[in-house]
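Notes follow the structure.
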Amino acid sequence: MGKTVLIAGKDSPDGKKLADGFAFTGRQIALTSADLSDAYEDDVSDDEKKASRDAYDEVKSIEAKSGMCTYEWNRSSPVSARTLILQTENTYSRLDEVILYFDEEWFASQEDKIDSERIARAADEMVLGFQYLAMESLARFEKKNSASNPGTLVFLLKEGYTASDALKTPALRNGLSAIASPVVAAAEASFTAFAENLTALYGDMPYVNIVLVREEKSGDTALSDEALGKWLGNYLEAVENLKTKTPAKKALQWVKSGSKAPAGTFNLFSRR
């Protein structure tokens with residue numbers, strides 16, 4: 001049986017291209033989708049809710065037979081993060097890799113204003129959710145993995161253009177790329193800082209490999225999501241086959257997407 005990877009951050013259906021890329025590498029895929037729990041009406045009975053949930057579980061069981069399954073994720077809830085991991089394990093009987101995917105342009109495309117309400121919601125969707133799931137993943141790997149079979153936690157950042165970039169280069173406002181608002185740009189900075197500092201603290205733990213990956217701002221060399229998934233799946237296989245674990249200090253460096261897979265040592269590109 002192939003590895004199982006949980007991909008979180010760019011929800012289905014938008015995240016399916018990345019998942020398709022991973023599927024080419026022989027993995028079973030769990031992909032997040034938006035949480036629909038609020039869709040229940042207050043006057044729906046407990047029995048009706050249970051029947052709906054049972055039907056949902058049956059659909060997921062059938063869906064998983066294709067090798068790819070989606071699960072609802074309430075980003076504002078640490079309990080939902082734990083449930084997401086358990087659902088993946090219950091379906092596939094294992095969880096080997098967790099990919100936390102911050103696609104800055106995708107987030108920017110969903111933002112059309114800045115106000116206090118949106119700032120609060122953004123903290124859940126683009127900051128807290130990733131942090132909850134990272135910590136739950138580490139707790140799971142500590143409990144069930146070991147130095148001989150470590151889990152893998154990947155922070156995958158796909159950079160986009162920000163409002164400050166557009167001010168410096170007005171031609172960016174050509175409608176081809178969504179421009180990240182200050183809220184999205186701040187969340188991206190939080191994602192980056194959290195990834196680096198978590199790696200500093202946990203990178204030497206024997207039960208987990210932490211990998212930081214950066215897809216640089218859109219351009220002629222940018223990979224599509226599907227190509228990015230294929231490359232990353234193969235890259236992680238190479239990481240697993242390294243003879244010695246990469247120390248935290250070296251793991252702090254961001255891997256440039258599309259770079260050559262490591263052979264004995266990481267082939268890394270430092271942050272700009």
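Every chain in the structure tokens has a letter given in the order shown (A, B, ...), and although residue numbers restart at 1 in each chain, ligands are simply numbered from 1 in the order shown.
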Exercise. Contacts of Val127 of chain A at 8 Å or less, counting only C-alpha atoms, minus same-chain residues fewer than 5 places along, as JSON, numbers by chain?
Worked result: {"A": [122, 187, 190, 191]}
Tell me which protein, DNA and RNA residues are within 7 Å of Val213 of chain A, counting only C-alpha atoms, leaving out same-chain ones fewer than 4 positions away, and put them as a PDB file with all heavy atoms, in the first residue's frame.
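The result, stored in result.pdb:
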```
ATOM      1  N   PHE A 155       5.697  22.469   4.900  1.00  0.00           N
ATOM      2  CA  PHE A 155       5.132  23.808   4.753  1.00  0.00           C
ATOM      3  C   PHE A 155       5.400  24.235   3.319  1.00  0.00           C
ATOM      4  O   PHE A 155       6.553  24.445   2.926  1.00  0.00           O
ATOM      5  CB  PHE A 155       5.778  24.787   5.736  1.00  0.00           C
ATOM      6  CG  PHE A 155       5.370  24.565   7.166  1.00  0.00           C
ATOM      7  CD1 PHE A 155       6.066  23.667   7.962  1.00  0.00           C
ATOM      8  CD2 PHE A 155       4.302  25.256   7.713  1.00  0.00           C
ATOM      9  CE1 PHE A 155       5.700  23.452   9.287  1.00  0.00           C
ATOM     10  CE2 PHE A 155       3.928  25.061   9.035  1.00  0.00           C
ATOM     11  CZ  PHE A 155       4.619  24.156   9.827  1.00  0.00           C
ATOM     12  N   LEU A 156       4.345  24.335   2.532  1.00  0.00           N
ATOM     13  CA  LEU A 156       4.453  24.651   1.113  1.00  0.00           C
ATOM     14  C   LEU A 156       3.891  26.046   0.876  1.00  0.00           C
ATOM     15  O   LEU A 156       2.691  26.292   1.043  1.00  0.00           O
ATOM     16  CB  LEU A 156       3.682  23.614   0.292  1.00  0.00           C
ATOM     17  CG  LEU A 156       3.555  23.857  -1.213  1.00  0.00           C
ATOM     18  CD1 LEU A 156       4.926  23.967  -1.871  1.00  0.00           C
ATOM     19  CD2 LEU A 156       2.739  22.728  -1.853  1.00  0.00           C
ATOM     20  N   LEU A 157       4.759  26.958   0.487  1.00  0.00           N
ATOM     21  CA  LEU A 157       4.363  28.346   0.258  1.00  0.00           C
ATOM     22  C   LEU A 157       4.463  28.674  -1.224  1.00  0.00           C
ATOM     23  O   LEU A 157       5.526  28.542  -1.835  1.00  0.00           O
ATOM     24  CB  LEU A 157       5.281  29.290   1.045  1.00  0.00           C
ATOM     25  CG  LEU A 157       5.157  30.784   0.724  1.00  0.00           C
ATOM     26  CD1 LEU A 157       3.751  31.291   1.035  1.00  0.00           C
ATOM     27  CD2 LEU A 157       6.208  31.589   1.493  1.00  0.00           C
ATOM     28  N   TRP A 254      14.761  27.091   2.847  1.00  0.00           N
ATOM     29  CA  TRP A 254      13.606  26.791   2.005  1.00  0.00           C
ATOM     30  C   TRP A 254      14.055  26.142   0.700  1.00  0.00           C
ATOM     31  O   TRP A 254      14.944  26.643   0.014  1.00  0.00           O
ATOM     32  CB  TRP A 254      12.818  28.064   1.709  1.00  0.00           C
ATOM     33  CG  TRP A 254      12.072  28.578   2.905  1.00  0.00           C
ATOM     34  CD1 TRP A 254      12.593  29.288   3.943  1.00  0.00           C
ATOM     35  CD2 TRP A 254      10.690  28.397   3.198  1.00  0.00           C
ATOM     36  NE1 TRP A 254      11.623  29.572   4.863  1.00  0.00           N
ATOM     37  CE2 TRP A 254      10.431  29.045   4.435  1.00  0.00           C
ATOM     38  CE3 TRP A 254       9.629  27.782   2.543  1.00  0.00           C
ATOM     39  CZ2 TRP A 254       9.172  29.074   5.025  1.00  0.00           C
ATOM     40  CZ3 TRP A 254       8.362  27.803   3.127  1.00  0.00           C
ATOM     41  CH2 TRP A 254       8.141  28.441   4.356  1.00  0.00           C
ATOM     42  N   VAL A 255      13.428  25.023   0.366  1.00  0.00           N
ATOM     43  CA  VAL A 255      13.687  24.343  -0.893  1.00  0.00           C
ATOM     44  C   VAL A 255      12.948  25.082  -2.003  1.00  0.00           C
ATOM     45  O   VAL A 255      11.765  25.386  -1.872  1.00  0.00           O
ATOM     46  CB  VAL A 255      13.180  22.884  -0.849  1.00  0.00           C
ATOM     47  CG1 VAL A 255      13.498  22.174  -2.157  1.00  0.00           C
ATOM     48  CG2 VAL A 255      13.762  22.144   0.334  1.00  0.00           C
ATOM     49  N   LYS A 256      13.623  25.392  -3.073  1.00  0.00           N
ATOM     50  CA  LYS A 256      12.970  26.016  -4.220  1.00  0.00           C
ATOM     51  C   LYS A 256      12.252  24.938  -5.030  1.00  0.00           C
ATOM     52  O   LYS A 256      12.847  23.916  -5.384  1.00  0.00           O
ATOM     53  CB  LYS A 256      14.004  26.719  -5.096  1.00  0.00           C
ATOM     54  CG  LYS A 256      13.397  27.439  -6.287  1.00  0.00           C
ATOM     55  CD  LYS A 256      14.475  28.144  -7.086  1.00  0.00           C
ATOM     56  CE  LYS A 256      13.890  28.837  -8.307  1.00  0.00           C
ATOM     57  NZ  LYS A 256      14.938  29.518  -9.108  1.00  0.00           N
ATOM     58  N   SER A 257      10.968  25.137  -5.294  1.00  0.00           N
ATOM     59  CA  SER A 257      10.206  24.139  -6.047  1.00  0.00           C
ATOM     60  C   SER A 257      10.869  23.870  -7.392  1.00  0.00           C
ATOM     61  O   SER A 257      11.394  24.767  -8.046  1.00  0.00           O
ATOM     62  CB  SER A 257       8.774  24.623  -6.263  1.00  0.00           C
ATOM     63  OG  SER A 257       8.757  25.810  -7.028  1.00  0.00           O
TER      64      SER A 257
END
```
For this session: as a PyMOL selection string, please: all residues of segment 90-163 of chain A that backbone DSSP puts in strand (DSSP E).
Result: chain A and resi 97-103+151-158+161-162
Exercise. Expressed in Å to a single decimal, how great is the separation between atom CA of Glu105 of chain A and atom CA of Ser181 of chain A?
Worked result: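 Spanning atom CA of Glu105 of chain A to atom CA of Ser181 of chain A is a straight-line distance of 10.0 Å.
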Segment 36-229 of chain A: residues DSSP assigns to helix (DSSP H, G or I), reported as a short mmCIF file (atom, residue, chain, number, x, y, z; two decimals) with N, CA, C and O atoms, in the first residue's frame:
```cif
data_model
loop_
_atom_site.label_atom_id
_atom_site.label_comp_id
_atom_site.auth_asym_id
_atom_site.auth_seq_id
_atom_site.Cartn_x
_atom_site.Cartn_y
_atom_site.Cartn_z
N SER A 37 -20.59 22.47 8.62
CA SER A 37 -21.38 22.18 9.83
C SER A 37 -22.42 23.25 10.09
O SER A 37 -23.49 22.97 10.64
N ASP A 38 -22.14 24.50 9.69
CA ASP A 38 -23.11 25.56 9.92
C ASP A 38 -24.33 25.45 9.03
O ASP A 38 -25.30 26.19 9.19
N ALA A 39 -24.26 24.51 8.06
CA ALA A 39 -25.40 24.36 7.16
C ALA A 39 -26.59 23.70 7.84
O ALA A 39 -27.71 23.75 7.35
N ASP A 46 -31.69 15.68 16.32
CA ASP A 46 -30.43 14.95 16.47
C ASP A 46 -30.41 13.71 15.58
O ASP A 46 -29.36 13.35 15.02
N ASP A 47 -31.57 13.04 15.46
CA ASP A 47 -31.64 11.84 14.61
C ASP A 47 -31.39 12.19 13.15
O ASP A 47 -30.70 11.45 12.43
N GLU A 48 -31.92 13.33 12.72
CA GLU A 48 -31.71 13.76 11.34
C GLU A 48 -30.26 14.13 11.09
O GLU A 48 -29.69 13.83 10.04
N LYS A 49 -29.64 14.76 12.10
CA LYS A 49 -28.22 15.10 11.96
C LYS A 49 -27.37 13.84 11.89
O LYS A 49 -26.42 13.76 11.11
N LYS A 50 -27.71 12.85 12.72
CA LYS A 50 -26.96 11.59 12.72
C LYS A 50 -27.11 10.88 11.38
O LYS A 50 -26.13 10.36 10.83
N ALA A 51 -28.33 10.86 10.85
CA ALA A 51 -28.56 10.21 9.56
C ALA A 51 -27.76 10.91 8.46
O ALA A 51 -27.19 10.25 7.59
N SER A 52 -27.71 12.23 8.53
CA SER A 52 -26.96 13.00 7.55
C SER A 52 -25.48 12.69 7.67
O SER A 52 -24.77 12.53 6.66
N ARG A 53 -24.98 12.59 8.91
CA ARG A 53 -23.57 12.30 9.14
C ARG A 53 -23.23 10.88 8.70
O ARG A 53 -22.18 10.64 8.10
N ASP A 54 -24.13 9.92 8.95
CA ASP A 54 -23.90 8.54 8.51
C ASP A 54 -23.83 8.46 6.99
O ASP A 54 -23.00 7.74 6.43
N ALA A 55 -24.71 9.20 6.34
CA ALA A 55 -24.71 9.22 4.88
C ALA A 55 -23.40 9.83 4.36
O ALA A 55 -22.82 9.37 3.38
N TYR A 56 -22.96 10.88 5.05
CA TYR A 56 -21.69 11.53 4.69
C TYR A 56 -20.53 10.54 4.81
O TYR A 56 -19.69 10.44 3.91
N ASP A 57 -20.49 9.79 5.92
CA ASP A 57 -19.41 8.83 6.12
C ASP A 57 -19.43 7.74 5.05
O ASP A 57 -18.36 7.28 4.60
N GLU A 58 -20.62 7.31 4.64
CA GLU A 58 -20.73 6.29 3.61
C GLU A 58 -20.20 6.81 2.27
O GLU A 58 -19.48 6.11 1.55
N VAL A 59 -20.54 8.06 1.96
CA VAL A 59 -20.04 8.67 0.73
C VAL A 59 -18.52 8.74 0.75
O VAL A 59 -17.86 8.46 -0.25
N LYS A 60 -17.96 9.09 1.92
CA LYS A 60 -16.51 9.20 2.03
C LYS A 60 -15.83 7.85 1.86
O LYS A 60 -14.75 7.74 1.27
N SER A 61 -16.47 6.81 2.37
CA SER A 61 -15.91 5.47 2.24
C SER A 61 -15.84 5.05 0.78
O SER A 61 -14.85 4.46 0.32
N ILE A 62 -16.89 5.36 0.04
CA ILE A 62 -16.91 5.05 -1.39
C ILE A 62 -15.90 5.91 -2.14
O ILE A 62 -15.16 5.44 -3.01
N GLU A 63 -15.85 7.19 -1.80
CA GLU A 63 -14.94 8.12 -2.44
C GLU A 63 -13.49 7.70 -2.26
O GLU A 63 -12.67 7.81 -3.18
N ALA A 64 -13.17 7.21 -1.07
CA ALA A 64 -11.79 6.85 -0.76
C ALA A 64 -11.27 5.69 -1.61
O ALA A 64 -10.05 5.56 -1.81
N PRO A 78 -9.28 23.68 16.89
CA PRO A 78 -8.23 22.68 17.07
C PRO A 78 -8.80 21.26 17.09
O PRO A 78 -8.13 20.31 16.69
N VAL A 79 -10.05 21.13 17.54
CA VAL A 79 -10.70 19.82 17.54
C VAL A 79 -10.90 19.33 16.11
O VAL A 79 -10.72 18.15 15.80
N SER A 80 -11.26 20.24 15.22
CA SER A 80 -11.43 19.88 13.81
C SER A 80 -10.12 19.42 13.20
O SER A 80 -10.09 18.50 12.38
N ALA A 81 -9.01 20.03 13.59
CA ALA A 81 -7.69 19.62 13.10
C ALA A 81 -7.40 18.18 13.52
O ALA A 81 -6.92 17.36 12.73
N ARG A 82 -7.70 17.88 14.78
CA ARG A 82 -7.49 16.51 15.28
C ARG A 82 -8.40 15.53 14.56
O ARG A 82 -7.98 14.42 14.19
N THR A 83 -9.65 15.92 14.36
CA THR A 83 -10.61 15.07 13.67
C THR A 83 -10.18 14.79 12.24
O THR A 83 -10.34 13.67 11.73
N LEU A 84 -9.64 15.79 11.59
CA LEU A 84 -9.18 15.63 10.21
C LEU A 84 -8.11 14.55 10.11
O LEU A 84 -8.13 13.71 9.19
N ILE A 85 -7.19 14.55 11.05
CA ILE A 85 -6.14 13.52 11.07
C ILE A 85 -6.74 12.14 11.34
O ILE A 85 -6.39 11.16 10.67
N LEU A 86 -7.66 12.06 12.30
CA LEU A 86 -8.28 10.78 12.62
C LEU A 86 -9.11 10.24 11.46
O LEU A 86 -9.10 9.03 11.19
N GLN A 87 -9.82 11.12 10.77
CA GLN A 87 -10.61 10.69 9.61
C GLN A 87 -9.71 10.10 8.53
O GLN A 87 -10.04 9.07 7.92
N THR A 88 -8.58 10.74 8.30
CA THR A 88 -7.65 10.24 7.29
C THR A 88 -7.13 8.86 7.68
O THR A 88 -7.08 7.94 6.85
N GLU A 89 -6.74 8.70 8.93
CA GLU A 89 -6.24 7.41 9.40
C GLU A 89 -7.32 6.34 9.37
O GLU A 89 -7.05 5.19 9.01
N ASN A 90 -8.54 6.70 9.74
CA ASN A 90 -9.63 5.71 9.75
C ASN A 90 -9.95 5.22 8.34
O ASN A 90 -10.30 4.06 8.14
N THR A 91 -9.81 6.11 7.37
CA THR A 91 -10.12 5.74 5.99
C THR A 91 -9.01 4.92 5.36
O THR A 91 -9.25 3.89 4.72
N TYR A 92 -7.77 5.34 5.55
CA TYR A 92 -6.64 4.72 4.86
C TYR A 92 -5.74 3.87 5.76
O TYR A 92 -4.76 3.29 5.28
N GLU A 104 -0.66 32.05 -1.80
CA GLU A 104 -0.95 33.46 -1.54
C GLU A 104 -1.89 34.05 -2.60
O GLU A 104 -2.82 34.80 -2.26
N GLU A 105 -1.67 33.73 -3.85
CA GLU A 105 -2.53 34.29 -4.89
C GLU A 105 -3.96 33.75 -4.78
O GLU A 105 -4.93 34.47 -5.02
N TRP A 106 -4.09 32.48 -4.41
CA TRP A 106 -5.42 31.89 -4.24
C TRP A 106 -6.17 32.60 -3.11
O TRP A 106 -7.34 32.95 -3.26
N PHE A 107 -5.49 32.81 -1.99
CA PHE A 107 -6.13 33.55 -0.91
C PHE A 107 -6.47 34.97 -1.35
O PHE A 107 -7.54 35.50 -1.04
N ALA A 108 -5.56 35.60 -2.11
CA ALA A 108 -5.80 36.97 -2.56
C ALA A 108 -7.02 37.05 -3.47
O ALA A 108 -7.76 38.04 -3.45
N SER A 109 -7.25 36.00 -4.26
CA SER A 109 -8.37 36.01 -5.20
C SER A 109 -9.72 35.97 -4.50
O SER A 109 -10.75 36.27 -5.10
N SER A 116 -12.80 45.04 9.78
CA SER A 116 -12.51 44.36 11.04
C SER A 116 -13.02 42.93 11.04
O SER A 116 -12.36 42.01 11.54
N GLU A 117 -14.21 42.73 10.49
CA GLU A 117 -14.77 41.37 10.46
C GLU A 117 -13.91 40.44 9.62
O GLU A 117 -13.65 39.30 9.99
N ARG A 118 -13.45 40.94 8.48
CA ARG A 118 -12.64 40.12 7.60
C ARG A 118 -11.29 39.81 8.23
O ARG A 118 -10.76 38.71 8.06
N ILE A 119 -10.73 40.75 8.95
CA ILE A 119 -9.45 40.51 9.62
C ILE A 119 -9.58 39.37 10.63
O ILE A 119 -8.73 38.47 10.71
N ALA A 120 -10.66 39.36 11.39
CA ALA A 120 -10.88 38.30 12.38
C ALA A 120 -11.05 36.95 11.69
O ALA A 120 -10.49 35.93 12.13
N ARG A 121 -11.81 36.93 10.60
CA ARG A 121 -12.03 35.67 9.88
C ARG A 121 -10.74 35.18 9.23
O ARG A 121 -10.47 33.97 9.19
N ALA A 122 -9.95 36.12 8.74
CA ALA A 122 -8.69 35.75 8.10
C ALA A 122 -7.73 35.10 9.08
O ALA A 122 -6.95 34.21 8.71
N ALA A 123 -7.77 35.53 10.33
CA ALA A 123 -6.90 34.93 11.34
C ALA A 123 -7.20 33.45 11.49
O ALA A 123 -6.29 32.62 11.65
N ASP A 124 -8.48 33.09 11.42
CA ASP A 124 -8.87 31.68 11.49
C ASP A 124 -8.44 30.93 10.23
O ASP A 124 -7.86 29.85 10.29
N GLU A 125 -8.75 31.50 9.08
CA GLU A 125 -8.59 30.80 7.82
C GLU A 125 -7.14 30.70 7.35
O GLU A 125 -6.75 29.70 6.73
N MET A 126 -6.34 31.73 7.64
CA MET A 126 -5.00 31.77 7.07
C MET A 126 -3.87 31.70 8.09
O MET A 126 -2.69 31.64 7.71
N VAL A 127 -4.21 31.72 9.37
CA VAL A 127 -3.17 31.68 10.41
C VAL A 127 -3.42 30.53 11.38
O VAL A 127 -2.67 29.55 11.42
N LEU A 128 -4.48 30.62 12.17
CA LEU A 128 -4.72 29.64 13.23
C LEU A 128 -4.91 28.23 12.70
O LEU A 128 -4.43 27.27 13.29
N GLY A 129 -5.64 28.09 11.60
CA GLY A 129 -5.90 26.76 11.07
C GLY A 129 -4.62 26.00 10.77
O GLY A 129 -4.49 24.82 11.12
N PHE A 130 -3.66 26.65 10.13
CA PHE A 130 -2.39 26.00 9.83
C PHE A 130 -1.63 25.64 11.11
O PHE A 130 -1.02 24.57 11.21
N GLN A 131 -1.67 26.53 12.08
CA GLN A 131 -0.94 26.27 13.32
C GLN A 131 -1.56 25.12 14.11
O GLN A 131 -0.84 24.26 14.63
N TYR A 132 -2.89 25.09 14.19
CA TYR A 132 -3.55 23.97 14.87
C TYR A 132 -3.19 22.64 14.21
O TYR A 132 -2.85 21.66 14.89
N LEU A 133 -3.27 22.61 12.89
CA LEU A 133 -3.04 21.34 12.19
C LEU A 133 -1.57 20.92 12.26
O LEU A 133 -1.27 19.73 12.36
N ALA A 134 -0.66 21.87 12.24
CA ALA A 134 0.76 21.54 12.39
C ALA A 134 1.02 20.88 13.74
O ALA A 134 1.71 19.86 13.82
N MET A 135 0.46 21.46 14.79
CA MET A 135 0.70 20.91 16.13
C MET A 135 0.04 19.54 16.31
O MET A 135 0.61 18.64 16.93
N GLU A 136 -1.15 19.37 15.76
CA GLU A 136 -1.81 18.08 15.85
C GLU A 136 -1.05 17.03 15.04
O GLU A 136 -0.96 15.86 15.45
N SER A 137 -0.47 17.43 13.92
CA SER A 137 0.32 16.50 13.12
C SER A 137 1.57 16.06 13.87
O SER A 137 1.92 14.86 13.89
N LEU A 138 2.25 17.01 14.51
CA LEU A 138 3.44 16.66 15.28
C LEU A 138 3.10 15.73 16.44
O LEU A 138 3.84 14.78 16.74
N ALA A 139 1.97 15.99 17.10
CA ALA A 139 1.55 15.13 18.21
C ALA A 139 1.26 13.72 17.72
O ALA A 139 1.61 12.73 18.39
N ARG A 140 0.66 13.61 16.55
CA ARG A 140 0.35 12.30 15.98
C ARG A 140 1.64 11.57 15.61
O ARG A 140 1.81 10.38 15.90
N PHE A 141 2.59 12.27 14.96
CA PHE A 141 3.84 11.64 14.56
C PHE A 141 4.65 11.21 15.79
O PHE A 141 5.28 10.16 15.79
N GLU A 142 4.63 12.02 16.84
CA GLU A 142 5.36 11.66 18.06
C GLU A 142 4.81 10.37 18.65
O GLU A 142 5.57 9.53 19.16
N LYS A 143 3.51 10.20 18.58
CA LYS A 143 2.85 9.03 19.17
C LYS A 143 3.04 7.77 18.34
O LYS A 143 3.23 6.67 18.89
N LYS A 144 3.03 7.90 17.01
CA LYS A 144 2.96 6.71 16.16
C LYS A 144 4.17 6.49 15.26
O LYS A 144 4.27 5.44 14.61
N ALA A 163 0.17 44.17 -2.44
CA ALA A 163 -0.15 45.57 -2.75
C ALA A 163 1.12 46.40 -2.85
O ALA A 163 1.22 47.31 -3.71
N SER A 164 2.11 46.13 -2.01
CA SER A 164 3.36 46.89 -2.08
C SER A 164 4.12 46.57 -3.37
O SER A 164 4.75 47.46 -3.96
N ASP A 165 4.05 45.30 -3.83
CA ASP A 165 4.67 44.95 -5.11
C ASP A 165 4.02 45.74 -6.25
O ASP A 165 4.71 46.25 -7.15
N ALA A 166 2.69 45.83 -6.20
CA ALA A 166 1.95 46.51 -7.26
C ALA A 166 2.21 48.01 -7.26
O ALA A 166 2.20 48.65 -8.32
N LEU A 167 2.46 48.58 -6.09
CA LEU A 167 2.79 50.01 -6.03
C LEU A 167 4.14 50.27 -6.68
O LEU A 167 4.32 51.26 -7.41
N LYS A 168 5.08 49.37 -6.44
CA LYS A 168 6.42 49.53 -7.03
C LYS A 168 6.42 49.21 -8.52
O LYS A 168 7.19 49.80 -9.28
N PRO A 170 3.51 49.04 -11.19
CA PRO A 170 2.10 49.18 -11.55
C PRO A 170 1.62 48.20 -12.62
O PRO A 170 0.44 47.85 -12.66
N ALA A 171 2.53 47.72 -13.46
CA ALA A 171 2.15 46.79 -14.52
C ALA A 171 1.58 45.48 -13.97
O ALA A 171 0.91 44.73 -14.69
N LEU A 172 1.83 45.21 -12.69
CA LEU A 172 1.29 44.00 -12.09
C LEU A 172 -0.24 44.04 -12.00
O LEU A 172 -0.88 43.00 -11.93
N PRO A 182 -3.16 43.65 2.45
CA PRO A 182 -2.32 43.61 3.65
C PRO A 182 -2.66 42.44 4.57
O PRO A 182 -1.78 41.88 5.21
N VAL A 183 -3.95 42.06 4.61
CA VAL A 183 -4.35 40.94 5.47
C VAL A 183 -3.72 39.65 4.98
O VAL A 183 -3.17 38.85 5.77
N VAL A 184 -3.80 39.39 3.68
CA VAL A 184 -3.22 38.17 3.12
C VAL A 184 -1.70 38.19 3.23
O VAL A 184 -1.07 37.19 3.58
N ALA A 185 -1.10 39.34 2.94
CA ALA A 185 0.36 39.45 3.03
C ALA A 185 0.84 39.20 4.46
O ALA A 185 1.87 38.54 4.68
N ALA A 186 0.10 39.71 5.44
CA ALA A 186 0.47 39.49 6.84
C ALA A 186 0.34 38.01 7.21
O ALA A 186 1.16 37.46 7.96
N ALA A 187 -0.70 37.35 6.70
CA ALA A 187 -0.89 35.93 6.98
C ALA A 187 0.24 35.11 6.37
O ALA A 187 0.72 34.14 6.97
N GLU A 188 0.68 35.49 5.18
CA GLU A 188 1.81 34.80 4.55
C GLU A 188 3.08 34.94 5.38
O GLU A 188 3.83 33.98 5.57
N ALA A 189 3.30 36.14 5.93
CA ALA A 189 4.47 36.35 6.78
C ALA A 189 4.37 35.50 8.05
O ALA A 189 5.37 34.95 8.52
N SER A 190 3.15 35.37 8.58
CA SER A 190 2.94 34.53 9.76
C SER A 190 3.22 33.07 9.44
O SER A 190 3.87 32.36 10.23
N PHE A 191 2.74 32.60 8.29
CA PHE A 191 2.96 31.22 7.87
C PHE A 191 4.46 30.93 7.77
O PHE A 191 4.94 29.91 8.26
N THR A 192 5.19 31.86 7.16
CA THR A 192 6.63 31.70 6.99
C THR A 192 7.36 31.66 8.34
O THR A 192 8.19 30.79 8.60
N ALA A 193 7.02 32.60 9.22
CA ALA A 193 7.69 32.67 10.52
C ALA A 193 7.36 31.44 11.37
O ALA A 193 8.24 30.89 12.05
N PHE A 194 6.10 31.01 11.32
CA PHE A 194 5.71 29.83 12.10
C PHE A 194 6.45 28.59 11.59
O PHE A 194 6.96 27.79 12.38
N ALA A 195 6.52 28.44 10.26
CA ALA A 195 7.21 27.28 9.69
C ALA A 195 8.67 27.24 10.11
O ALA A 195 9.19 26.19 10.53
N GLU A 196 9.34 28.37 10.03
CA GLU A 196 10.77 28.40 10.35
C GLU A 196 11.02 28.15 11.84
O GLU A 196 11.94 27.39 12.20
N ASN A 197 10.24 28.76 12.67
CA ASN A 197 10.48 28.61 14.11
C ASN A 197 10.02 27.25 14.64
O ASN A 197 10.62 26.72 15.58
N LEU A 198 9.00 26.67 14.02
CA LEU A 198 8.62 25.31 14.40
C LEU A 198 9.70 24.33 13.98
O LEU A 198 10.01 23.38 14.71
N THR A 199 10.30 24.57 12.83
CA THR A 199 11.41 23.73 12.38
C THR A 199 12.59 23.84 13.34
O THR A 199 13.26 22.84 13.64
N ALA A 200 12.85 25.04 13.82
CA ALA A 200 13.94 25.24 14.78
C ALA A 200 13.72 24.42 16.05
O ALA A 200 14.67 23.88 16.63
N LEU A 201 12.47 24.32 16.48
CA LEU A 201 12.15 23.61 17.72
C LEU A 201 12.03 22.10 17.54
O LEU A 201 12.41 21.33 18.42
N TYR A 202 11.47 21.67 16.40
CA TYR A 202 11.15 20.25 16.22
C TYR A 202 11.97 19.57 15.13
O TYR A 202 11.86 18.36 14.95
N ASP A 225 -0.05 23.74 -10.30
CA ASP A 225 -0.28 22.96 -9.08
C ASP A 225 -0.04 21.47 -9.32
O ASP A 225 0.52 20.77 -8.47
N GLU A 226 -0.48 20.98 -10.46
CA GLU A 226 -0.30 19.55 -10.73
C GLU A 226 1.18 19.20 -10.85
O GLU A 226 1.64 18.19 -10.29
N ALA A 227 1.93 20.01 -11.57
CA ALA A 227 3.37 19.77 -11.70
C ALA A 227 4.06 19.91 -10.36
O ALA A 227 5.00 19.16 -10.04
N LEU A 228 3.59 20.85 -9.54
CA LEU A 228 4.16 21.04 -8.21
C LEU A 228 3.93 19.80 -7.35
O LEU A 228 4.82 19.35 -6.63
N GLY A 229 2.74 19.21 -7.45
CA GLY A 229 2.44 18.00 -6.69
C GLY A 229 3.31 16.83 -7.11
O GLY A 229 3.82 16.08 -6.28
#
```
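Among the candidates A:Gly175, A:Ser259, A:Ser76, A:Arg214, the residue lying nearest to Asp35 of chain A is A:Ser76 (atoms considered: only C-alpha atoms).
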For this session: For atom CA of Gly160 of chain A and atom CA of Ala180 of chain A, quote the distance in Å rounded to one decimal.
Result: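 Those two atoms sit 7.0 Å apart.
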Problem set entry | Who sits within 8 Å of Arg27 of chain A, only C-alpha atoms, same chain under 2 positions skipped, as a list in words |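 Listed by chain and then number, they are Gly2, Lys3, Thr4, Val5, Phe22, Ala23, Phe24, Thr25, Ile29 and Gly67 of chain A.
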Exercise. Suppose you want the space between atom CA of Ala251 of chain A and atom CA of Leu100 of chain A; what is it in Å?
Worked result: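 Separating atom CA of Ala251 of chain A from atom CA of Leu100 of chain A is a distance of 16.1 Å.
The nearest approach to Val154 of chain A among the residues A:Leu18, A:Ile7, A:Val239, A:Ile210, with only C-alpha atoms taken into account, belongs to A:Ile210.
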Problem set entry | Residues within 8 Å of Ala238 of chain A, only C-alpha atoms, excluding chain neighbours under 5 positions, as a list in words |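 The filter keeps Ala261, Pro262 and Ala263 of chain A.
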